[in-house]
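Structure below is data34.tsv: TSV, C-alpha atoms.
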```
chain	number	residue	atom	x	y	z
A	1	MET	CA	0.00	0.00	0.00
A	2	GLU	CA	2.80	2.36	1.05
A	3	MET	CA	4.74	1.40	-2.11
A	4	GLU	CA	1.75	2.39	-4.28
A	5	ILE	CA	1.43	5.78	-2.61
A	6	ASN	CA	5.17	6.43	-3.12
A	7	ASN	CA	4.84	5.56	-6.84
A	8	TRP	CA	1.96	8.05	-7.22
A	9	LYS	CA	4.00	10.72	-5.41
A	10	LYS	CA	6.93	10.20	-7.80
A	11	LYS	CA	4.58	10.46	-10.79
A	12	GLY	CA	3.16	13.65	-9.26
A	13	ILE	CA	6.62	15.20	-9.04
A	14	VAL	CA	7.34	14.32	-12.68
A	15	PHE	CA	4.03	15.87	-13.78
A	16	THR	CA	4.76	19.02	-11.75
A	17	ILE	CA	8.28	19.42	-13.20
A	18	ASP	CA	6.92	18.75	-16.67
A	19	SER	CA	4.20	21.40	-16.32
A	20	ILE	CA	6.65	23.96	-14.86
A	21	ILE	CA	9.02	23.44	-17.80
A	22	ALA	CA	6.09	23.75	-20.25
A	23	ILE	CA	4.80	26.96	-18.64
A	24	THR	CA	8.32	28.46	-18.58
A	25	LEU	CA	8.85	27.64	-22.25
A	26	VAL	CA	5.50	29.10	-23.31
A	27	THR	CA	6.14	32.24	-21.27
A	28	LEU	CA	9.61	32.68	-22.73
A	29	ILE	CA	8.35	32.22	-26.29
A	30	LEU	CA	5.49	34.68	-25.69
A	31	LEU	CA	7.77	37.30	-24.17
A	32	ALA	CA	10.41	36.90	-26.88
A	33	SER	CA	7.89	37.19	-29.72
A	34	THR	CA	6.09	40.16	-28.16
A	35	SER	CA	9.29	42.08	-27.45
A	36	TYR	CA	10.51	41.33	-30.99
A	37	TYR	CA	7.22	42.62	-32.40
A	38	VAL	CA	7.37	45.78	-30.28
A	39	GLY	CA	11.02	46.36	-31.22
A	40	SER	CA	10.49	45.82	-34.94
A	41	GLN	CA	7.55	48.25	-35.07
A	42	GLY	CA	9.46	51.07	-33.42
A	43	ASN	CA	12.15	51.74	-35.97
A	44	LEU	CA	10.03	51.91	-39.09
A	45	LEU	CA	8.38	55.34	-38.78
A	46	PRO	CA	11.51	57.48	-38.27
A	47	SER	CA	13.08	55.81	-41.32
A	48	VAL	CA	10.05	56.50	-43.51
A	49	GLN	CA	9.94	60.08	-42.23
A	50	LEU	CA	13.61	60.49	-43.13
A	51	ILE	CA	12.99	59.35	-46.71
A	52	ARG	CA	9.88	61.54	-47.05
A	53	THR	CA	11.84	64.57	-45.84
A	54	GLY	CA	14.54	63.86	-48.43
A	55	ASN	CA	11.94	63.47	-51.17
A	56	ASP	CA	10.18	66.68	-50.15
A	57	ILE	CA	13.41	68.69	-50.19
A	58	LEU	CA	14.49	67.28	-53.55
A	59	ASN	CA	11.05	68.07	-54.93
A	60	LEU	CA	11.14	71.63	-53.57
A	61	LEU	CA	14.63	72.29	-54.94
A	62	ASP	CA	13.46	71.06	-58.33
A	63	ILE	CA	10.31	73.20	-58.56
A	64	THR	CA	12.17	76.30	-57.36
A	65	GLY	CA	14.93	75.83	-59.95
A	66	GLY	CA	17.61	74.73	-57.52
A	67	PHE	CA	19.18	72.27	-59.96
A	68	GLU	CA	19.33	74.61	-62.96
A	69	SER	CA	22.36	76.64	-61.90
A	70	MET	CA	24.46	73.66	-60.79
A	71	ASP	CA	25.78	75.96	-58.06
A	72	PHE	CA	26.56	73.34	-55.44
A	73	ASP	CA	27.65	75.83	-52.77
A	74	LYS	CA	24.24	77.50	-53.07
A	75	LEU	CA	22.57	74.09	-53.01
A	76	ARG	CA	24.44	73.24	-49.82
A	77	GLU	CA	23.34	76.55	-48.25
A	78	ASP	CA	19.74	75.81	-49.22
A	79	LEU	CA	20.01	72.39	-47.63
A	80	TYR	CA	21.25	73.89	-44.37
A	81	LEU	CA	18.28	76.25	-44.36
A	82	LEU	CA	15.71	73.58	-45.15
A	83	LEU	CA	16.96	70.57	-43.22
A	84	PRO	CA	15.95	70.00	-39.61
A	85	ALA	CA	18.98	70.45	-37.33
A	86	THR	CA	19.18	66.75	-36.56
A	87	TYR	CA	19.40	65.65	-40.20
A	88	ASP	CA	22.22	65.73	-42.73
A	89	MET	CA	21.84	65.23	-46.45
A	90	LYS	CA	23.91	64.84	-49.60
A	91	ILE	CA	22.67	65.47	-53.15
A	92	SER	CA	24.28	64.26	-56.35
A	93	ILE	CA	23.18	65.41	-59.80
A	94	THR	CA	23.97	63.70	-63.10
A	95	PHE	CA	23.02	65.26	-66.45
A	96	ASN	CA	22.36	63.40	-69.67
A	97	ASN	CA	25.52	64.93	-71.18
A	98	GLY	CA	27.53	63.05	-68.56
A	99	TYR	CA	28.30	66.02	-66.28
A	100	SER	CA	27.81	65.19	-62.63
A	101	ASN	CA	28.59	66.72	-59.27
A	102	GLU	CA	27.54	66.44	-55.65
A	103	THR	CA	27.16	68.61	-52.57
A	104	GLU	CA	29.86	68.54	-49.94
A	105	SER	CA	28.88	66.63	-46.83
A	106	GLU	CA	30.15	64.51	-44.01
A	107	GLU	CA	31.08	60.91	-44.80
A	108	LEU	CA	28.02	58.69	-45.05
A	109	PRO	CA	27.64	57.03	-41.64
A	110	MET	CA	27.87	53.26	-41.58
A	111	ASP	CA	26.22	52.75	-38.21
A	112	ARG	CA	22.68	54.03	-38.87
A	113	PHE	CA	19.89	54.12	-41.39
A	114	ILE	CA	20.46	56.14	-44.57
A	115	GLY	CA	17.40	57.08	-46.62
A	116	THR	CA	17.89	57.42	-50.36
A	117	GLY	CA	15.82	58.41	-53.35
A	118	GLU	CA	16.00	60.09	-56.75
A	119	ARG	CA	14.08	62.47	-58.98
A	120	VAL	CA	14.33	63.00	-62.71
A	121	PHE	CA	14.12	66.65	-63.76
A	122	VAL	CA	14.18	68.73	-66.97
A	123	THR	CA	15.92	72.10	-67.20
A	124	ASP	CA	14.72	75.16	-69.16
A	125	ASN	CA	17.23	74.19	-71.91
A	126	LEU	CA	15.43	70.84	-72.19
A	127	GLU	CA	18.33	68.91	-70.76
A	128	PHE	CA	17.40	66.26	-68.27
A	129	GLY	CA	19.18	65.00	-65.23
A	130	ILE	CA	18.80	62.75	-62.25
A	131	ALA	CA	19.08	64.11	-58.73
A	132	ARG	CA	19.82	61.58	-56.01
A	133	PHE	CA	19.81	62.13	-52.29
A	134	TRP	CA	21.18	60.44	-49.20
A	135	ILE	CA	19.74	61.53	-45.89
A	136	TRP	CA	20.58	60.44	-42.35
A	137	THR	CA	20.28	61.56	-38.75
A	138	LYS	CA	23.22	63.24	-37.04
A	139	THR	CA	24.56	61.66	-33.86
B	1	MET	CA	1.84	10.93	14.45
B	2	MET	CA	2.88	9.57	11.02
B	3	ARG	CA	-0.44	10.73	9.45
B	4	ASN	CA	0.00	14.18	10.97
B	5	LYS	CA	3.44	14.55	9.37
B	6	LYS	CA	2.10	13.42	5.98
B	7	ALA	CA	-0.72	15.95	6.19
B	8	GLN	CA	1.77	18.70	7.06
B	9	SER	CA	4.01	17.85	4.09
B	10	VAL	CA	1.04	17.73	1.72
B	11	ILE	CA	-0.15	21.16	2.92
B	12	PHE	CA	3.39	22.54	2.68
B	13	ASP	CA	3.66	21.14	-0.85
B	14	LEU	CA	0.32	22.76	-1.71
B	15	PHE	CA	1.47	26.15	-0.43
B	16	ILE	CA	4.70	25.98	-2.41
B	17	ALA	CA	2.75	25.03	-5.53
B	18	LEU	CA	0.27	27.84	-4.93
B	19	PHE	CA	3.07	30.34	-4.34
B	20	VAL	CA	4.87	29.30	-7.54
B	21	PHE	CA	1.61	29.40	-9.50
B	22	ILE	CA	0.64	32.87	-8.23
B	23	LEU	CA	4.18	34.16	-8.83
B	24	ILE	CA	4.27	32.90	-12.42
B	25	THR	CA	0.73	34.15	-13.14
B	26	SER	CA	1.57	37.59	-11.71
B	27	ILE	CA	4.81	37.87	-13.72
B	28	ILE	CA	3.01	36.82	-16.91
B	29	SER	CA	0.14	39.26	-16.38
B	30	ILE	CA	2.47	42.17	-15.50
B	31	MET	CA	4.63	41.53	-18.58
B	32	TRP	CA	1.54	41.03	-20.73
B	33	ASN	CA	0.08	44.35	-19.59
B	34	LYS	CA	3.38	46.16	-20.08
B	35	TYR	CA	3.77	44.91	-23.64
B	36	ASN	CA	0.10	45.52	-24.38
B	37	PHE	CA	0.48	49.16	-23.34
B	38	GLN	CA	3.61	49.49	-25.45
B	39	ILE	CA	1.90	47.95	-28.48
B	40	GLU	CA	-1.17	50.14	-27.97
B	41	ASP	CA	1.05	53.22	-27.73
B	42	ARG	CA	2.86	52.31	-30.92
B	43	VAL	CA	-0.39	51.60	-32.76
B	44	ASN	CA	-1.78	54.97	-31.66
B	45	GLN	CA	1.39	56.78	-32.63
B	46	LYS	CA	1.45	55.02	-35.98
B	47	GLU	CA	-2.21	55.90	-36.58
B	48	MET	CA	-1.57	59.59	-35.81
B	49	TRP	CA	1.55	59.60	-37.96
B	50	LEU	CA	-0.23	58.03	-40.94
B	51	LYS	CA	-3.20	60.37	-40.61
B	52	SER	CA	-0.87	63.38	-40.42
B	53	TYR	CA	1.00	62.26	-43.49
B	54	HIS	CA	-2.16	61.62	-45.49
B	55	ILE	CA	-3.51	65.03	-44.49
B	56	THR	CA	-0.31	66.87	-45.40
B	57	ASP	CA	-0.20	64.90	-48.68
B	58	LEU	CA	-3.71	66.12	-49.33
B	59	PHE	CA	-2.68	69.70	-48.56
B	60	VAL	CA	0.51	69.87	-50.62
B	61	GLU	CA	-0.38	67.71	-53.64
B	62	ASN	CA	-4.07	68.33	-54.12
B	63	GLN	CA	-6.26	71.20	-55.31
B	64	GLY	CA	-9.21	70.12	-53.23
B	65	SER	CA	-12.73	69.51	-54.42
B	66	PRO	CA	-14.44	71.40	-55.95
B	67	GLY	CA	-11.45	73.19	-57.48
B	68	ASN	CA	-12.63	76.62	-56.30
B	69	TRP	CA	-13.74	75.53	-52.85
B	70	HIS	CA	-12.00	78.53	-51.29
B	71	LYS	CA	-14.59	80.86	-52.87
B	72	ASN	CA	-17.65	78.99	-51.63
B	73	PHE	CA	-17.45	76.64	-48.66
B	74	SER	CA	-21.00	75.26	-48.80
B	75	ASN	CA	-20.12	72.39	-51.16
B	76	LEU	CA	-16.58	71.81	-49.92
B	77	GLU	CA	-15.76	68.11	-50.13
B	78	VAL	CA	-11.96	67.82	-50.00
B	79	LEU	CA	-9.46	70.31	-48.64
B	80	GLY	CA	-6.40	70.90	-50.81
B	81	LEU	CA	-4.03	73.85	-50.83
B	82	ALA	CA	-1.96	73.21	-53.97
B	83	TYR	CA	-2.40	74.28	-57.54
B	84	THR	CA	0.37	71.92	-58.63
B	85	ASP	CA	2.45	69.39	-56.70
B	86	ARG	CA	4.11	71.17	-53.70
B	87	LYS	CA	3.27	74.62	-55.11
B	88	LEU	CA	0.62	76.10	-52.88
B	89	SER	CA	-2.01	78.62	-53.80
B	90	SER	CA	-2.10	81.70	-51.54
B	91	GLU	CA	-5.85	82.04	-52.16
B	92	LYS	CA	-6.46	78.49	-50.96
B	93	ILE	CA	-4.33	79.02	-47.87
B	94	GLU	CA	-6.36	82.13	-47.09
B	95	GLY	CA	-9.54	80.14	-47.79
B	96	PHE	CA	-8.40	77.39	-45.42
B	97	LEU	CA	-7.72	79.94	-42.66
B	98	ASN	CA	-11.11	81.59	-43.22
B	99	PHE	CA	-12.81	78.21	-43.09
B	100	SER	CA	-11.01	76.66	-40.12
B	101	LEU	CA	-10.91	79.80	-37.96
B	102	SER	CA	-14.52	80.80	-38.55
B	103	GLU	CA	-17.11	80.38	-35.78
B	104	ASN	CA	-20.12	80.37	-38.03
B	105	ILE	CA	-20.05	78.51	-41.34
B	106	ASN	CA	-22.87	76.69	-43.08
B	107	VAL	CA	-22.08	73.64	-45.17
B	108	SER	CA	-24.39	71.24	-46.97
B	109	TRP	CA	-22.95	68.07	-45.43
B	110	SER	CA	-23.01	68.86	-41.70
B	111	ASP	CA	-25.10	70.58	-39.04
B	112	LYS	CA	-22.02	71.92	-37.30
B	113	THR	CA	-21.10	75.56	-37.78
B	114	ASN	CA	-17.72	75.80	-36.05
B	115	GLY	CA	-14.93	75.90	-38.65
B	116	TYR	CA	-12.41	74.03	-36.49
B	117	ASN	CA	-14.83	71.14	-35.88
B	118	LEU	CA	-15.88	71.11	-39.54
B	119	THR	CA	-12.23	70.89	-40.59
B	120	ARG	CA	-11.74	67.93	-38.26
B	121	GLU	CA	-14.84	66.27	-39.70
B	122	LEU	CA	-13.63	66.89	-43.24
B	123	LEU	CA	-10.18	65.48	-42.49
B	124	ASN	CA	-11.66	62.52	-40.60
B	125	ILE	CA	-9.79	63.32	-37.39
B	126	GLU	CA	-12.72	63.95	-35.07
B	127	GLY	CA	-11.09	62.16	-32.14
B	128	PHE	CA	-7.99	64.36	-32.43
B	129	GLU	CA	-6.99	68.01	-32.23
B	130	PHE	CA	-4.84	69.61	-34.92
B	131	TYR	CA	-2.51	72.53	-35.42
B	132	PHE	CA	-1.46	73.89	-38.81
B	133	ARG	CA	1.41	76.33	-39.35
B	134	LEU	CA	3.08	77.66	-42.48
B	135	PHE	CA	6.44	79.34	-41.95
B	136	ASN	CA	9.52	80.29	-43.92
B	137	THR	CA	13.03	78.87	-43.50
B	138	PHE	CA	13.86	81.60	-40.96
B	139	GLY	CA	10.99	80.46	-38.74
B	140	VAL	CA	8.67	83.41	-39.45
B	141	THR	CA	5.04	82.27	-39.32
B	142	ILE	CA	2.99	83.11	-42.41
B	143	ALA	CA	-0.26	81.35	-41.51
B	144	GLU	CA	-1.54	79.27	-38.63
B	145	SER	CA	-4.73	77.61	-37.55
B	146	GLY	CA	-5.95	75.09	-34.97
B	147	ARG	CA	-4.80	74.36	-31.43
B	148	SER	CA	-1.09	74.26	-30.79
B	149	PRO	CA	-0.06	71.31	-28.55
B	150	ILE	CA	2.62	73.38	-26.81
B	151	PHE	CA	-0.06	75.29	-24.88
B	152	TYR	CA	-1.56	72.21	-23.26
B	153	GLY	CA	1.54	70.49	-21.78
B	154	ASN	CA	0.60	67.60	-19.52
B	155	LEU	CA	-2.99	67.46	-20.72
B	156	ILE	CA	-1.87	65.85	-23.95
B	157	TYR	CA	-1.76	62.09	-24.42
B	158	GLY	CA	0.34	61.95	-27.57
B	159	THR	CA	1.35	64.24	-30.39
B	160	THR	CA	2.76	63.82	-33.90
B	161	THR	CA	4.18	66.66	-35.94
B	162	ILE	CA	4.92	66.37	-39.64
B	163	ARG	CA	6.83	68.92	-41.70
B	164	ARG	CA	6.45	69.25	-45.45
B	165	TYR	CA	8.47	71.48	-47.76
B	166	VAL	CA	6.49	73.63	-50.15
B	167	SER	CA	6.66	76.70	-52.34
B	168	LEU	CA	4.22	79.56	-52.87
B	169	GLU	CA	4.27	82.99	-54.44
B	170	GLU	CA	5.04	84.93	-51.26
B	171	CYS	CA	7.51	82.40	-49.97
B	172	GLU	CA	9.65	80.43	-52.39
B	173	ARG	CA	10.79	77.90	-49.82
B	174	CYS	CA	8.39	77.34	-47.01
B	175	ILE	CA	7.56	74.66	-44.49
B	176	ILE	CA	4.15	73.33	-43.50
B	177	GLU	CA	3.92	71.94	-40.00
B	178	PHE	CA	0.92	69.83	-39.13
B	179	SER	CA	0.47	68.50	-35.59
B	180	LEU	CA	-2.08	65.92	-34.56
B	181	TRP	CA	-2.67	65.26	-30.87
B	182	ARG	CA	-5.29	64.10	-28.43
B	183	TRP	CA	-6.37	64.84	-24.89
B	184	LYS	CA	-5.40	62.52	-22.03
```
Could you express the structure from this file as structure tokens?
Amino acid sequence: MEMEINNWKKKGIVFTIDSIIAITLVTLILLASTSYYVGSQGNLLPSVQLIRTGNDILNLLDITGGFESMDFDKLREDLYLLLPATYDMKISITFNNGYSNETESEELPMDRFIGTGERVFVTDNLEFGIARFWIWTKT
Amino acid sequence: MMRNKKAQSVIFDLFIALFVFILITSIISIMWNKYNFQIEDRVNQKEMWLKSYHITDLFVENQGSPGNWHKNFSNLEVLGLAYTDRKLSSEKIEGFLNFSLSENINVSWSDKTNGYNLTRELLNIEGFEFYFRLFNTFGVTIAESGRSPIFYGNLIYGTTTIRRYVSLEECERCIIEFSLWRWK
């Protein structure tokens, strides 16, 4: 009789350990997946905003004739005026006749997100070119 | 004596089990709540951000409907401030200010008469407050409308501000700032 009770007790301990391990595993998986989801959602919006800002500025420079003169010092000044203080941006322009140039800027950072984009434009002389931008947040 | 000891160990075992169970349940529920709040916050922020972007897109890329809505508000369907992409019309900006700042406006699609509330209804942001500002690159304000979040401090639950770069006759390079926020 005593033997039987002992056997049941041992089985009970095994069941308990088994259920504790199962609960711990489920909890860990739930926590890991939730924190991954929360983390992955957080970084998307600032990156999209960065690209949209770059696109907006490129668009504005185009419609106000900023690319016509190919004056890159002026373009750089315009960028300083337009860009939020926490952003930096580089613009490169290539014309169909092969001429290309770019604004002076810091080295592209390798440790954070860089938004890029391009816009095709036509000058008053009916030449066309492609303006490309790289935009990133300052440290 | 023997039975008594067995009963004690069983009760002790039960208490340990209960303690472990309650501890694990509490930890899980606390973590669950914490992550739920974080997710809810992110979803809200994302919603406000997307709405702000769609609204500013509407402002800077669209003429609005009907095209001359700024002359007669009664049939206004869609607000738009541009006459071409990113080039804003001064008349439409003035029209928008007249509409959104007015206390008494009659429109065919709503019983409301307050311009601010009508603007929110038109932009589908009735659960939110908004603030619109147009300023030049030196920070000088050219036009503004709505409720600025900076005046309400701790009463605000969350705020999103979007800046768009535009051009208009009086200001070749200007910035539109649109803030969306809600009360706590």
Task: Two-atom distance - CA of Tyr37 in chain A, CA of Met48 in chain B (Å) - done: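 Result for CA of Tyr37 in chain A versus CA of Met48 in chain B: 19.4 Å, one decimal.
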Task: Contacts of range 77-92 of chain A within 8 Å, all atoms listed in the file, excl. fewer than 5 positions in-chain, as number ranges by chain - done: A: 54, 57, 100-105, 131-139; B: 137-138, 165
Open item on the list: Report, in Å with one decimal, the straight-line distance from CA of Asn98 in chain B to CA of Ile156 in chain B.
Closed with: 26.5 Å
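Take the candidates B:Leu134, B:Leu97, B:Ile28, B:Ile11 and check each one against chain A using all atoms listed in the file; the shortest distance goes to B:Ile28.
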Task: Distance in Å - CA of Gly80 in chain B versus CA of Ser65 in chain B - done: 7.4 Å
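Candidate residues B:Leu23, B:Cys174, B:Ile150, B:Leu180 were compared for distance to chain A, and the nearest is B:Cys174, using all atoms listed in the file.
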- [ ] Using all atoms listed in the file, select each residue of chain B with any atom at most 7 Å away from an atom of chain A, and give the selection as a list in words.
- [x]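 Every residue of chain B that passes the 7 Å test is in Tyr35, Ile39, Thr137, Arg164, Tyr165, Val166, Ser167 and Glu172 of chain B.
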To test the calculation: enclose all listed atoms of range 64-80 of chain A in a box whose edges run along x, y and z, add 8 Å on each side, then state centre and edge lengths in Å to one decimal, as JSON.
```
{"center_x": 19.9, "center_y": 74.9, "center_z": -53.7, "size_x": 31.5, "size_y": 21.2, "size_z": 34.6}
```
TODO: Find the residue from B:Phe178, B:Phe73, B:Phe21, B:Trp183 that sits nearest to Gly127 in chain B; use all atoms listed in the file when measuring.
DONE: B:Trp183
TODO: May I have the residues at most 8 Å from (4.2, 81.5, -43.3) in the file's coordinates, counting only C-alpha atoms, as a VMD selection string?
DONE: chain B and resid 133 to 136 140 to 144 171 174 to 175
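Closest approach to Leu50 in chain A among B:Arg163, B:Lys112, B:Leu101, B:Glu121: B:Arg163, based on only C-alpha atoms.
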- [ ] Take the point (21.8, 61.8, -75.1) as written in the file and pick out every residue within 12 Å of it, counting all atoms listed in the file; give the list as a VMD selection string.
- [x] chain A and resid 95 to 99 126 to 129
